Every structure is written in structure tokens, then in C-alpha cells.
$ cat coords39.txt   # compact mmCIF, C-alpha atoms
# COMPACT_ATOMS: atom_id res chain seq x y z
CA MET V 273 78.29 -106.20 124.01
CA PRO V 274 74.66 -107.21 123.23
CA TRP V 275 73.91 -106.77 119.55
CA PRO V 276 71.09 -104.16 119.49
CA ILE V 277 73.23 -101.75 121.50
CA ILE V 278 76.00 -102.10 118.93
CA ARG V 279 73.52 -101.01 116.28
CA ALA V 280 72.31 -98.14 118.45
CA MET V 281 75.88 -96.95 118.85
CA THR V 282 76.94 -97.40 115.25
CA ARG V 283 73.87 -95.85 113.65
CA SER V 284 75.35 -92.42 114.60
CA TRP V 285 76.52 -90.79 117.76
CA LYS V 286 74.64 -87.72 116.55
CA ASP V 287 71.38 -89.56 117.21
CA ILE V 288 72.00 -89.56 120.95
CA GLN V 289 74.35 -86.62 121.42
CA LEU V 290 73.75 -83.07 122.58
CA LYS V 291 71.44 -81.58 119.97
CA ASN V 292 70.41 -78.32 121.58
CA ILE V 293 73.91 -76.96 122.25
CA THR V 294 74.96 -76.44 118.65
CA SER V 295 77.55 -73.90 117.55
CA LYS V 296 74.75 -71.63 116.36
CA SER V 297 72.79 -71.79 119.62
CA LEU V 298 75.98 -71.31 121.61
CA PHE V 299 76.85 -68.24 119.55
CA GLN V 300 73.34 -66.88 120.15
CA LEU V 301 73.64 -67.51 123.87
CA ARG V 302 76.98 -65.72 124.01
CA GLY V 303 75.45 -62.90 122.00
CA ARG V 304 72.70 -62.40 124.56
CA LEU V 305 75.21 -62.31 127.38
CA LEU V 306 77.48 -59.95 125.46
CA ALA V 307 74.56 -57.62 124.84
CA GLY V 308 74.02 -57.48 128.58
CA VAL V 309 77.67 -56.64 129.12
CA MET V 310 77.61 -53.80 126.62
CA MET V 311 74.48 -52.30 128.13
CA ALA V 312 76.03 -52.51 131.57
CA LEU V 313 79.07 -50.40 130.65
CA PRO V 314 78.35 -46.83 131.82
CA ALA V 315 79.78 -43.57 130.60
CA VAL V 316 83.09 -42.72 132.24
CA GLY V 317 82.80 -41.11 135.65
CA VAL V 318 79.18 -39.98 135.11
CA PHE V 319 76.69 -42.81 134.60
CA THR V 320 75.22 -44.52 137.69
CA ALA V 321 73.91 -48.06 137.10
CA HIS V 322 70.15 -48.43 137.34
CA GLY V 323 69.09 -49.66 140.77
CA ALA V 324 72.64 -49.36 142.09
CA HIS V 325 74.27 -47.12 144.65
CA ALA V 326 75.49 -43.62 143.84
CA ALA V 327 79.07 -44.90 144.12
CA ASP V 328 78.46 -47.31 141.25
CA GLN V 329 80.27 -45.40 138.55
CA LEU V 330 83.52 -45.87 136.70
CA GLY V 331 86.60 -43.79 137.39
CA GLN V 332 88.45 -42.09 134.54
CA LYS V 333 91.24 -44.68 134.12
CA VAL V 334 89.03 -47.76 134.34
CA GLY V 335 86.29 -46.28 132.18
CA THR V 336 88.65 -45.15 129.42
CA ALA V 337 90.32 -48.57 129.24
CA LEU V 338 86.99 -50.39 129.15
CA GLN V 339 85.59 -48.11 126.46
CA LYS V 340 88.67 -48.91 124.37
CA ALA V 341 88.06 -52.62 125.06
CA GLN V 342 84.46 -52.23 123.91
CA THR V 343 85.55 -50.57 120.67
CA ASP V 344 88.23 -53.20 119.99
CA LEU V 345 85.82 -56.02 120.74
CA ALA V 346 83.28 -54.61 118.28
CA ALA V 347 86.07 -54.57 115.69
CA LYS V 348 86.98 -58.18 116.61
CA LYS V 349 90.44 -57.10 117.74
CA TYR V 350 90.42 -59.66 120.52
CA PRO V 351 94.05 -59.52 121.73
CA GLN V 352 93.90 -55.72 121.94
CA ALA V 353 90.50 -55.85 123.64
CA MET V 354 91.85 -58.23 126.29
CA ALA V 355 94.91 -55.97 126.74
CA ASP V 356 92.52 -53.06 127.34
CA VAL V 357 90.67 -55.13 129.97
CA ASN V 358 93.96 -55.99 131.65
CA GLU V 359 94.87 -52.31 131.65
CA ALA V 360 91.62 -51.50 133.44
CA ASP V 361 92.21 -54.34 135.90
CA ALA V 362 95.70 -53.03 136.69
CA VAL V 363 94.33 -49.76 138.06
CA THR V 364 94.82 -49.62 141.81
CA GLY V 365 92.13 -48.73 144.32
CA LYS V 366 89.25 -50.00 142.19
CA THR V 367 85.72 -49.97 143.59
CA ASP V 368 83.63 -53.12 143.77
CA PHE V 369 81.54 -51.81 140.89
CA GLU V 370 84.64 -51.25 138.75
CA THR V 371 85.87 -54.78 139.49
CA TYR V 372 82.47 -56.17 138.57
CA THR V 373 82.32 -54.22 135.30
CA ILE V 374 85.84 -55.33 134.37
CA ALA V 375 84.77 -58.96 134.93
CA GLN V 376 81.79 -58.37 132.63
CA MET V 377 83.99 -57.06 129.86
CA ARG V 378 86.57 -59.82 130.40
CA ALA V 379 83.81 -62.41 130.05
CA ALA V 380 82.58 -60.75 126.85
CA VAL V 381 86.03 -60.62 125.25
CA ALA V 382 86.99 -64.15 126.34
CA ALA V 383 83.67 -65.67 125.25
CA GLN V 384 83.68 -64.04 121.82
CA SER V 385 87.33 -64.88 121.19
CA GLY V 386 86.95 -68.49 122.34
CA ASN V 387 89.23 -68.20 125.37
CA VAL V 388 87.33 -70.73 127.46
CA PRO V 389 89.47 -70.67 130.65
CA ALA V 390 89.41 -66.86 130.83
CA ALA V 391 85.67 -66.76 130.11
CA ILE V 392 84.87 -69.33 132.79
CA SER V 393 87.04 -67.52 135.33
CA ALA V 394 85.24 -64.25 134.59
CA TYR V 395 81.83 -65.88 134.70
CA ASP V 396 82.70 -67.44 138.08
CA THR V 397 83.41 -63.94 139.40
CA LEU V 398 80.12 -62.64 138.05
CA ILE V 399 78.10 -65.61 139.29
CA ALA V 400 79.54 -65.18 142.77
CA SER V 401 78.58 -61.49 142.84
CA PRO V 402 75.30 -60.37 144.48
CA ARG V 403 75.09 -57.77 141.72
CA THR V 404 74.20 -60.42 139.12
CA PRO V 405 70.47 -61.25 138.90
CA ALA V 406 69.56 -64.90 139.47
CA ALA V 407 68.28 -65.40 135.92
CA THR V 408 71.53 -64.03 134.50
CA LYS V 409 73.56 -66.28 136.76
CA GLU V 410 71.77 -69.26 135.27
CA GLN V 411 72.53 -68.05 131.73
CA MET V 412 76.17 -67.59 132.68
CA ALA V 413 76.39 -71.07 134.18
CA LEU V 414 74.93 -72.54 131.00
CA ALA V 415 77.42 -70.50 128.97
CA GLU V 416 80.30 -71.86 131.07
CA GLY V 417 79.24 -75.46 130.63
CA SER V 418 78.43 -75.17 126.93
CA MET V 419 81.67 -73.34 126.11
CA ALA V 420 83.77 -75.94 127.89
CA PHE V 421 81.84 -78.76 126.21
CA THR V 422 82.14 -77.21 122.75
CA ALA V 423 85.87 -76.70 123.33
CA LYS V 424 86.08 -80.43 124.26
CA ASP V 425 87.34 -79.48 127.70
CA TYR V 426 85.21 -82.17 129.27
CA PRO V 427 86.73 -82.11 132.78
CA THR V 428 85.93 -78.40 133.03
CA ALA V 429 82.44 -78.97 131.60
CA VAL V 430 81.86 -81.57 134.33
CA LYS V 431 83.20 -79.26 137.02
CA VAL V 432 81.04 -76.25 136.15
CA THR V 433 77.86 -78.24 135.47
CA GLU V 434 78.20 -80.29 138.67
CA LYS V 435 78.64 -77.05 140.61
CA TYR V 436 75.54 -75.60 138.96
CA ILE V 437 73.42 -78.67 139.68
CA LYS V 438 74.61 -78.96 143.29
CA ALA V 439 73.58 -75.33 143.76
CA GLY V 440 70.04 -76.32 142.82
CA GLY V 441 70.06 -75.46 139.11
CA LYS V 442 67.37 -77.23 137.11
CA ASN V 443 68.13 -76.35 133.49
CA PRO V 444 67.89 -79.67 131.57
CA GLN V 445 70.55 -78.51 129.10
CA MET V 446 73.07 -78.54 131.92
CA LEU V 447 72.20 -82.16 132.72
CA THR V 448 72.68 -83.03 129.07
CA ILE V 449 76.07 -81.33 128.99
CA LEU V 450 77.10 -83.15 132.17
CA ILE V 451 76.04 -86.57 130.90
CA GLN V 452 77.72 -86.06 127.54
CA ALA V 453 80.91 -84.76 129.14
CA TYR V 454 81.10 -87.84 131.39
CA TYR V 455 80.40 -90.15 128.46
CA LEU V 456 82.99 -88.61 126.16
CA GLN V 457 85.61 -89.09 128.88
CA HIS V 458 84.57 -92.76 129.02
CA ASP V 459 83.32 -92.23 132.57
CA TYR V 460 80.38 -94.52 131.93
CA ALA V 461 79.56 -95.04 135.61
CA ASN V 462 78.90 -91.35 136.25
CA ALA V 463 77.20 -90.86 132.88
CA ALA V 464 74.85 -93.75 133.73
CA ARG V 465 74.26 -92.39 137.25
CA VAL V 466 73.17 -88.95 136.07
CA GLN V 467 71.25 -90.27 133.06
CA LYS V 468 69.35 -92.81 135.17
CA ALA V 469 68.38 -90.09 137.66
CA GLN V 470 67.01 -87.99 134.80
CA VAL V 471 65.03 -90.95 133.44
CA ASP V 472 63.72 -91.85 136.91
CA ASP V 473 62.62 -88.27 137.52
CA ALA V 474 60.68 -88.24 134.26
CA ILE V 475 58.88 -91.48 135.13
CA LYS V 476 58.06 -90.29 138.66
CA ALA V 477 56.59 -87.12 137.17
CA GLY V 478 54.33 -89.22 134.96
CA ALA V 479 56.21 -88.24 131.80
CA LYS V 480 57.50 -90.47 129.03
CA PRO V 481 61.30 -90.78 129.26
CA VAL V 482 63.15 -89.60 126.16
CA GLU V 483 64.14 -92.49 123.91
CA ASN V 484 67.65 -91.17 123.22
CA GLN V 485 68.25 -90.77 126.95
CA LEU V 486 67.29 -94.41 127.50
CA LEU V 487 69.57 -95.45 124.63
CA LEU V 488 72.49 -93.54 126.10
CA LEU V 489 71.81 -95.12 129.51
CA ALA V 490 71.76 -98.57 127.90
CA THR V 491 75.01 -97.83 126.07
CA CYS V 492 76.72 -96.89 129.33
CA GLN V 493 75.39 -99.99 131.09
CA ALA V 494 76.60 -102.17 128.23
CA GLN V 495 80.06 -100.62 128.53
CA LEU V 496 80.00 -101.33 132.28
CA LYS V 497 78.76 -104.90 131.62
CA ASP V 498 75.94 -104.27 134.10
CA ASN V 499 73.57 -106.78 132.52
CA SER V 500 70.92 -106.58 135.23
CA ALA V 501 70.58 -102.81 134.88
CA LEU V 502 70.84 -103.09 131.09
CA THR V 503 67.89 -105.49 130.94
CA LYS V 504 65.77 -103.09 133.01
CA THR V 505 66.61 -100.25 130.63
CA TYR V 506 65.67 -102.40 127.64
CA VAL V 507 62.35 -103.16 129.33
CA LEU V 508 61.73 -99.41 129.67
CA LEU V 509 62.65 -98.92 126.00
CA ALA V 510 60.35 -101.73 124.95
CA THR V 511 57.56 -100.44 127.19
CA TYR V 512 57.61 -96.80 126.11
CA TYR V 513 58.91 -97.40 122.57
CA PRO V 514 57.70 -100.92 121.67
CA LYS V 515 60.08 -101.72 118.86
CA PRO V 516 60.96 -105.35 118.07
CA ASP V 517 64.68 -104.75 118.55
CA TYR V 518 64.20 -103.61 122.13
CA TRP V 519 62.16 -106.64 123.19
CA ALA V 520 64.53 -108.86 121.24
CA GLN V 521 67.35 -107.57 123.41
CA VAL V 522 65.34 -108.15 126.58
CA VAL V 523 64.79 -111.76 125.55
CA HIS V 524 68.41 -112.12 124.47
CA SER V 525 69.59 -110.88 127.87
CA VAL V 526 67.19 -113.11 129.79
CA LEU V 527 67.83 -116.27 127.80
CA SER V 528 71.61 -115.96 127.50
CA VAL V 529 72.12 -118.62 130.15
CA PRO V 530 74.72 -121.25 129.21
CA ASN V 531 73.06 -124.09 131.16
CA MET V 532 69.38 -123.46 130.48
CA ALA V 533 67.33 -126.40 131.81
CA PRO V 534 65.58 -128.52 129.12
CA GLY V 535 62.41 -128.37 131.22
CA LEU V 536 62.17 -124.63 130.51
CA ARG V 537 61.63 -124.95 126.76
CA LEU V 538 57.95 -123.95 126.94
CA ASP V 539 58.81 -121.12 129.34
CA ILE V 540 61.43 -119.80 126.93
CA ASP V 541 58.88 -119.76 124.13
CA ARG V 542 56.36 -118.01 126.37
CA VAL V 543 58.92 -115.25 126.96
CA ARG V 544 59.39 -114.93 123.20
CA LEU V 545 55.64 -114.91 122.71
CA GLU V 546 55.14 -112.19 125.33
CA ALA V 547 57.86 -110.10 123.70
CA GLY V 548 56.16 -110.28 120.30
CA LEU V 549 58.97 -112.29 118.74
CA VAL V 550 56.89 -115.26 117.57
CA LYS V 551 56.06 -114.52 113.94
CA THR V 552 55.55 -117.73 111.92
CA PRO V 553 52.81 -120.39 111.80
CA ALA V 554 55.37 -123.09 112.58
CA GLU V 555 56.41 -121.30 115.78
CA TYR V 556 52.82 -120.94 116.99
CA MET V 557 52.13 -124.58 116.20
CA ASP V 558 55.25 -125.78 118.02
CA ILE V 559 54.48 -123.76 121.15
CA THR V 560 50.87 -124.94 121.14
CA GLU V 561 52.03 -128.55 120.99
CA LEU V 562 54.53 -127.94 123.81
CA ALA V 563 51.72 -126.61 126.01
CA MET V 564 49.64 -129.71 125.23
CA GLN V 565 52.58 -131.95 126.09
CA ALA V 566 52.94 -130.08 129.39
CA GLY V 567 49.35 -131.01 130.23
CA LEU V 568 48.03 -127.43 129.93
CA PRO V 569 45.40 -127.51 127.14
CA GLN V 570 43.84 -124.15 128.08
CA LEU V 571 47.24 -122.49 127.74
CA ALA V 572 47.66 -124.26 124.39
CA LEU V 573 44.28 -122.92 123.25
CA ASP V 574 45.19 -119.38 124.33
CA ILE V 575 48.41 -119.62 122.31
CA ILE V 576 46.83 -120.93 119.12
CA ASN V 577 44.01 -118.39 119.39
CA GLN V 578 46.64 -115.65 119.62
CA GLY V 579 48.12 -116.98 116.39
CA TYR V 580 44.74 -116.60 114.71
CA SER V 581 43.99 -113.18 116.21
CA THR V 582 47.33 -111.79 115.01
CA GLY V 583 46.67 -113.11 111.51
CA VAL V 584 49.60 -115.50 111.49
CA LEU V 585 47.52 -118.68 111.39
CA GLY V 586 44.73 -119.74 109.03
CA HIS V 587 45.92 -118.24 105.75
CA ASP V 588 48.45 -120.47 104.01
CA ALA V 589 48.69 -124.06 102.84
CA SER V 590 49.07 -125.27 106.43
CA ALA V 591 45.66 -123.86 107.41
CA PRO V 592 43.94 -127.29 107.44
CA ARG V 593 46.62 -128.67 109.78
CA GLU V 594 46.26 -125.62 112.00
CA GLU V 595 42.48 -126.08 112.18
CA LYS V 596 42.94 -129.74 113.03
CA LEU V 597 45.32 -128.87 115.86
CA LYS V 598 42.93 -126.22 117.17
CA ALA V 599 40.09 -128.72 117.21
CA LEU V 600 42.29 -131.20 119.09
CA VAL V 601 43.28 -128.54 121.62
CA THR V 602 39.68 -127.39 122.07
CA GLN V 603 38.60 -130.97 122.80
CA GLY V 604 41.50 -131.25 125.23
CA VAL V 605 40.25 -128.19 127.12
CA THR V 606 36.75 -129.70 127.36
CA ASP V 607 38.10 -133.02 128.61
CA ARG V 608 40.44 -131.38 131.11
CA LYS V 609 37.70 -129.19 132.59
CA ALA V 610 35.50 -132.24 133.03
CA GLY V 611 38.28 -134.10 134.81
CA LEU V 612 39.81 -131.33 136.94
CA ASP V 613 38.77 -132.84 140.26
CA ALA V 614 39.75 -136.37 139.23
CA ALA V 615 43.17 -135.17 138.10
CA ALA V 616 43.68 -133.31 141.37
CA ALA V 617 42.71 -136.38 143.37
CA GLN V 618 45.15 -138.54 141.44
CA ALA V 619 48.03 -136.04 141.79
CA THR V 620 50.43 -137.55 144.29
CA THR V 621 53.72 -135.97 143.25
CA GLY V 622 54.80 -132.36 143.45
CA ASN V 623 54.93 -132.04 139.67
CA ALA V 624 51.46 -133.50 139.18
CA MET V 625 49.97 -131.24 141.85
CA LEU V 626 51.55 -128.17 140.23
CA THR V 627 50.09 -129.10 136.83
CA ALA V 628 46.65 -129.89 138.24
CA GLY V 629 46.64 -126.65 140.21
CA TYR V 630 47.69 -124.62 137.17
CA ASN V 631 44.80 -126.13 135.20
CA TYR V 632 42.38 -125.06 137.93
CA VAL V 633 43.72 -121.49 137.66
CA LEU V 634 43.41 -121.48 133.86
CA ALA V 635 39.85 -122.76 134.21
CA GLY V 636 38.94 -119.80 136.42
CA GLN V 637 39.21 -121.52 139.82
CA ALA V 638 42.18 -119.53 141.09
CA ASP V 639 41.86 -120.09 144.83
CA LYS V 640 41.61 -123.86 144.54
CA GLY V 641 44.36 -124.03 141.93
CA LEU V 642 46.88 -121.82 143.71
CA ALA V 643 46.37 -123.70 146.98
CA LEU V 644 47.05 -126.99 145.19
CA MET V 645 50.18 -125.58 143.56
CA GLN V 646 51.46 -124.46 146.98
CA GLN V 647 50.93 -128.02 148.21
CA GLY V 648 52.84 -129.30 145.18
CA LEU V 649 55.79 -127.07 146.04
CA ALA V 650 55.73 -128.29 149.61
CA ARG V 651 55.63 -131.90 148.38
CA GLY V 652 58.84 -131.33 146.44
CA PRO V 653 58.77 -131.16 142.61
CA SER V 654 61.68 -132.34 140.48
CA ASP V 655 62.93 -128.72 140.28
CA VAL V 656 61.61 -126.41 142.98
CA ASN V 657 62.68 -123.26 141.13
CA ILE V 658 60.84 -124.22 137.96
CA GLY V 659 57.87 -125.00 140.22
CA ARG V 660 58.06 -121.51 141.76
CA LEU V 661 58.28 -120.00 138.28
CA HIS V 662 55.08 -121.77 137.26
CA LEU V 663 53.33 -120.73 140.48
CA GLY V 664 54.26 -117.12 139.71
CA LEU V 665 52.86 -117.47 136.19
CA ALA V 666 49.63 -118.88 137.60
CA GLN V 667 49.37 -116.03 140.11
CA ALA V 668 49.91 -113.51 137.32
CA ALA V 669 47.23 -115.24 135.22
CA ALA V 670 44.88 -114.93 138.19
CA GLY V 671 45.53 -111.19 138.39
CA ARG V 672 47.50 -111.40 141.63
CA LYS V 673 50.41 -109.23 140.62
CA ALA V 674 51.99 -108.60 144.02
CA ALA V 675 51.96 -112.30 144.90
CA ALA V 676 53.34 -113.18 141.47
CA ILE V 677 56.24 -110.75 141.81
CA ALA V 678 57.05 -112.08 145.29
CA THR V 679 57.05 -115.64 143.97
CA PHE V 680 59.16 -114.74 140.94
CA ASN V 681 61.68 -113.05 143.21
CA SER V 682 61.95 -116.24 145.26
CA VAL V 683 63.17 -118.22 142.25
CA GLU V 684 66.85 -119.07 142.59
CA GLY V 685 69.51 -121.12 140.84
CA THR V 686 71.54 -120.83 137.66
CA ASN V 687 69.60 -123.04 135.25
CA GLY V 688 67.65 -120.17 133.68
CA ALA V 689 64.51 -120.29 135.83
CA ARG V 690 65.52 -117.22 137.82
CA ASP V 691 66.35 -115.26 134.65
CA ILE V 692 62.96 -116.05 133.15
CA ALA V 693 61.25 -115.18 136.44
CA GLN V 694 62.99 -111.81 136.47
CA PHE V 695 61.74 -111.15 132.93
CA TRP V 696 58.18 -111.51 134.22
CA VAL V 697 58.93 -109.22 137.18
CA LEU V 698 60.22 -106.57 134.80
CA LYS V 699 57.27 -107.09 132.47
CA LEU V 700 54.72 -106.73 135.27
CA ASN V 701 56.40 -103.63 136.68
CA ALA V 702 56.80 -102.11 133.22
CA ALA V 703 53.10 -102.62 132.52
CA SER V 704 52.26 -100.74 135.71
CA ALA V 705 54.64 -97.91 134.82
CA ALA V 706 53.16 -97.57 131.35
CA ALA V 707 49.61 -97.54 132.76
CA HIS V 708 50.45 -94.57 134.96
$ encode --input "coords39.txt" --output "C-alpha cells"
Amino acid sequence: MPWPIIRAMTRSWKDIQLKNITSKSLFQLRGRLLAGVMMALPAVGVFTAHGAHAADQLGQKVGTALQKAQTDLAAKKYPQAMADVNEADAVTGKTDFETYTIAQMRAAVAAQSGNVPAAISAYDTLIASPRTPAATKEQMALAEGSMAFTAKDYPTAVKVTEKYIKAGGKNPQMLTILIQAYYLQHDYANAARVQKAQVDDAIKAGAKPVENQLLLLATCQAQLKDNSALTKTYVLLATYYPKPDYWAQVVHSVLSVPNMAPGLRLDIDRVRLEAGLVKTPAEYMDITELAMQAGLPQLALDIINQGYSTGVLGHDASAPREEKLKALVTQGVTDRKAGLDAAAAQATTGNAMLTAGYNYVLAGQADKGLALMQQGLARGPSDVNIGRLHLGLAQAAAGRKAAAIATFNSVEGTNGARDIAQFWVLKLNAASAAAH
């Protein structure tokens, strides 16, 4: 399992678990429902429920038993209260209203005594009844799911919450219960499915996805060993919550290729640089020199300037060496700009044409440079996939995002070029998502 996820899991399950269905809030929710039950219990044989038919009144036998149940429940005599409910339910020839009121009292007794199966069964009866207002049905469904979850009856929690959601329910607490219930049964596939849908809905609505939801999604994907999906989730974490650990994991996932091509060393460092993982003067100096060795002085200048702008370079004992390198790179940029056309004319191999074209792009002549790079690919570089990767980088530098993504997606092979290309796809798409 990738290391940052291990830390996310071990820091405390409480950090990413159900926080809004605590014992206290569950008790309060049950209390509200119980209050509704008590108010609904009419006087024996006389009271007619508000807004109901004239026939909606309790007969003597049912009413007496339910009033006893109400008294025993108030005294917390739960077994006796349930026996009173059963006595009322045993009366023959009950009206629909009597059956409904018995179910209300059964739900109250079962919920307060912690009898989850009996409470859920009673709530199912009430939810199915046209007598129950829609808002109350939603409260009852939430009570069902939260009671089952709190009782660690996760299969039942899944069953009742799935039923609620399929019926069109939108309460986010029910989604949380469902995801947690799947997760705690080690059903990571379904937990990831529901969690991803919740994250996707938030992004589509223009909202910032919740960090703990993204962490839980990443945890599930790590358990499933779905590295492609996991990397995308890390990109979302790093985009919306730009912490070093998140981008470190993105880079770790992308660069964990056993046979990474030596020719990708500069590209690897550019991924690290883009992820904010280059921190020391020595690293900036090394990457600058690699760019110079690759024949891309403007890229080298951009890199060393970034080192200065971030405050990493120019402050310690190596400052004179850093200034000397910057001067050398600056002169290289001047010389390369003066010789762009000559270098292009002398480029006869695919590799040389790709480098010359990239220099045109970095010098602000995108059309000419990209056309030359396409010719270099057609000529046949030493590694066509590394060539495509560099074309995609040039297109991105020229502000041609759609073309860059298409080129990155065309990179193939197993030498690391495709993995690095997919990092840039994710980075470009993540930047667009964050902008909106």
C-alpha cells in the first residue's frame, strides 16, 4: 500500500469516520420521533386524529393496551411496554388506523430500548403507510440507517440506506452511513463506488469535495490496488488541498516504474518540480544542468529562475556558484535564440528535430516549433514515446491544452514515459477543475 495512505489510515479512523451520527445525535433523533409517536396517540375511543377520517380512533382494547405501553415506556419498563404493544396488536378486527398507531408505539419502544430489528420493522410499516408525511418518512429512514449502523449491523444499514437512496432520498447523512457500512464490512468496491459518486457530484456542482471523503476514497482504492484510480484521487487531494504529502504520493505512484528509461531523468525531475517536491539548492542546480545538457537552455533558465523566486537559491555559501550557472544559462539562451534557424536547418535526425522544435516553442514561436517536432516524430526518434511526451510538454507550454492531452494520451510503452504523460494529463485536468 502506498505510504501516505498508510499514514492517513493510521492517524485515526475517527478522522474519516461518521462524525454526525454520534450516540448523542442519534438519541436526539430518536427523541424527536418518539415525541411524534406520543402526540399521535389519541384518547381511547374518543379522539379523532387531526386531518384524518372520522373512523380514525382507537377502540377500547387497543387504546387501553397502548396507553399502558405509553406509561411503561415513560418509566423505561421496556419489556412490559413491548408486551403491551403486542397485546394491542393481538386484538382482532383492528382498523387501519389502529394498526398504524400500534406500529408507531412499537417503533418508539423498540428504538428507545435498542431493539434494532423490531424498530426497523416498525419503521418500514410506517414508511410504507400513506398516513406518514414525507418529511417524517425521511426522518424514519435516517433513524433506521443510523440505528443499524450504531448497532454495528452493517448489512442491515446497507439494506435500509440503499432502499432510501434508490427511492430518491437525498439526505447526505444516509450516504455517509452507506459508505461507512460498506467500508466496515471490507466491501471496498462498493464503498469506493458510492464515495466517488458523492465526490463527482460535488465537483460537478462547483463545490469543493470534502477532504475526508477523498481520503476514504483513496483508502478504498489502495485496498483494491486500483493504482490508476488512486492516482486520480491523489491529484484531486493535491489540487483542492495542496499538501506536500498528497503530491508526493502522486509522484510516487507515477514514478514507481521498475524499468524507467534513463532518458527520462529530466522528465522525472520536472514532475517533481511541478509537484513542489524540489526543495534544495543542489536539486535546482542539478535539474538546471540536466536541461542544459538536453539542449534546452530556456527551460534551464526557467528552472533556475524558479529556484530564485521561491527563495531556495541565492542565500547560502553556494550563491556565487549559482550566479555563475545562471549567467552561463542566460548566455546559452541568447546564443540559442540567435541560432534557432541554423539549428533547425542542421537537424537531420528525429531527436535533433524534436529538440530544435522545442526550442522554437520555448522562444515563443509555437507554430514553427510544433510543426518541426511533428516532423521529428515522423522521422523516427530513438524512442517515439519519449518524443511524444516531449511534444505534449511543448504543446502545454504553448497553451494548447487539448492538443497536449491528446498527445499525452497517445504515449505508450512500459518504460515510464506513459506514466509521466498521464501525470501531466491529470495535472492539466486538475488545474481546469480547480479553476471552475
$ closest_atom_pairs --input "coords39.txt" --of "segment 341-370 of chain V" --to "segment 334-337 of chain V" --cutoff "7 Å" --atoms "all atoms listed in the file" --output "tab-separated table"
residue	atom	partner	partner_atom	distance
V:Ala341	CA	V:Ala337	CA	6.2
V:Asp356	CA	V:Ala337	CA	5.3
V:Val357	CA	V:Ala337	CA	6.6
V:Glu359	CA	V:Ala337	CA	6.4
V:Ala360	CA	V:Val334	CA	4.6
V:Val363	CA	V:Val334	CA	6.8
$ closest_residue --input "coords39.txt" --among "V:Ala423, V:Ala638, V:Ala394, V:Val522" --to "Thr373 of chain V" --atoms "all atoms listed in the file"
V:Ala394
$ atom_distance --input "coords39.txt" --atom1 "atom CA of Met419 of chain V" --atom2 "atom CA of Val388 of chain V"
6.4 Å
$ atom_distance --input "coords39.txt" --atom1 "atom CA of Asn657 of chain V" --atom2 "atom CA of Val683 of chain V"
5.2 Å
$ closest_residue --input "coords39.txt" --among "V:Ala619, V:Val430, V:Leu538, V:Ala391" --to "Gly648 of chain V" --atoms "only C-alpha atoms"
V:Ala619
$ atom_distance --input "coords39.txt" --atom1 "atom CA of Lys468 of chain V" --atom2 "atom CA of Gln493 of chain V"
10.2 Å
$ residues_around --input "coords39.txt" --residues "segment 556-564 of chain V" --least-positions-apart "4" --cutoff "9 Å" --atoms "all atoms listed in the file" --output "PyMOL selection string"
chain V and resi 537-538+541-542+545+550-552+568-576+578-579+584-585+594+597-598+601+604
$ residues_around --input "coords39.txt" --residues "Ser385 of chain V" --least-positions-apart "2" --cutoff "10 Å" --atoms "only C-alpha atoms" --output "mmCIF file with C-alpha atoms, keeping the file's coordinate frame"
data_model
loop_
_atom_site.group_PDB
_atom_site.id
_atom_site.type_symbol
_atom_site.label_atom_id
_atom_site.label_comp_id
_atom_site.auth_asym_id
_atom_site.auth_seq_id
_atom_site.Cartn_x
_atom_site.Cartn_y
_atom_site.Cartn_z
ATOM 1 C CA LEU V 345 85.820 -56.020 120.740
ATOM 2 C CA LYS V 348 86.980 -58.180 116.610
ATOM 3 C CA LYS V 349 90.440 -57.100 117.740
ATOM 4 C CA TYR V 350 90.420 -59.660 120.520
ATOM 5 C CA PRO V 351 94.050 -59.520 121.730
ATOM 6 C CA ALA V 353 90.500 -55.850 123.640
ATOM 7 C CA MET V 354 91.850 -58.230 126.290
ATOM 8 C CA ALA V 379 83.810 -62.410 130.050
ATOM 9 C CA ALA V 380 82.580 -60.750 126.850
ATOM 10 C CA VAL V 381 86.030 -60.620 125.250
ATOM 11 C CA ALA V 382 86.990 -64.150 126.340
ATOM 12 C CA ALA V 383 83.670 -65.670 125.250
ATOM 13 C CA ASN V 387 89.230 -68.200 125.370
ATOM 14 C CA VAL V 388 87.330 -70.730 127.460
ATOM 15 C CA ALA V 391 85.670 -66.760 130.110
#
$ closest_residue --input "coords39.txt" --among "V:Asp588, V:Lys497, V:Gly567, V:Leu489" --to "Pro553 of chain V" --atoms "all atoms listed in the file"
V:Asp588
$ residues_around --input "coords39.txt" --residues "Gly622 of chain V" --least-positions-apart "5" --cutoff "6 Å" --atoms "all atoms listed in the file" --output "mmCIF file with C-alpha atoms, keeping the file's coordinate frame"
data_model
loop_
_atom_site.group_PDB
_atom_site.id
_atom_site.type_symbol
_atom_site.label_atom_id
_atom_site.label_comp_id
_atom_site.auth_asym_id
_atom_site.auth_seq_id
_atom_site.Cartn_x
_atom_site.Cartn_y
_atom_site.Cartn_z
ATOM 1 C CA GLY V 648 52.840 -129.300 145.180
ATOM 2 C CA LEU V 649 55.790 -127.070 146.040
ATOM 3 C CA ARG V 651 55.630 -131.900 148.380
ATOM 4 C CA GLY V 652 58.840 -131.330 146.440
ATOM 5 C CA PRO V 653 58.770 -131.160 142.610
#
$ residues_around --input "coords39.txt" --residues "Ala616 of chain V" --least-positions-apart "3" --cutoff "10 Å" --atoms "all atoms listed in the file" --output "PyMOL selection string"
chain V and resi 611-613+619-620+624-629+631-632+641+644
$ closest_residue --input "coords39.txt" --among "V:Gly331, V:Gln376, V:Asp396, V:Leu414" --to "Thr364 of chain V" --atoms "only C-alpha atoms"
V:Gly331
$ residues_around --input "coords39.txt" --residues "segment 436-452 of chain V" --least-positions-apart "3" --cutoff "10 Å" --atoms "only C-alpha atoms" --output "ChimeraX atom specification"
/V:288-293,409-411,413-418,420-422,426-427,429-433,455-460,462-467,470,485,488-489
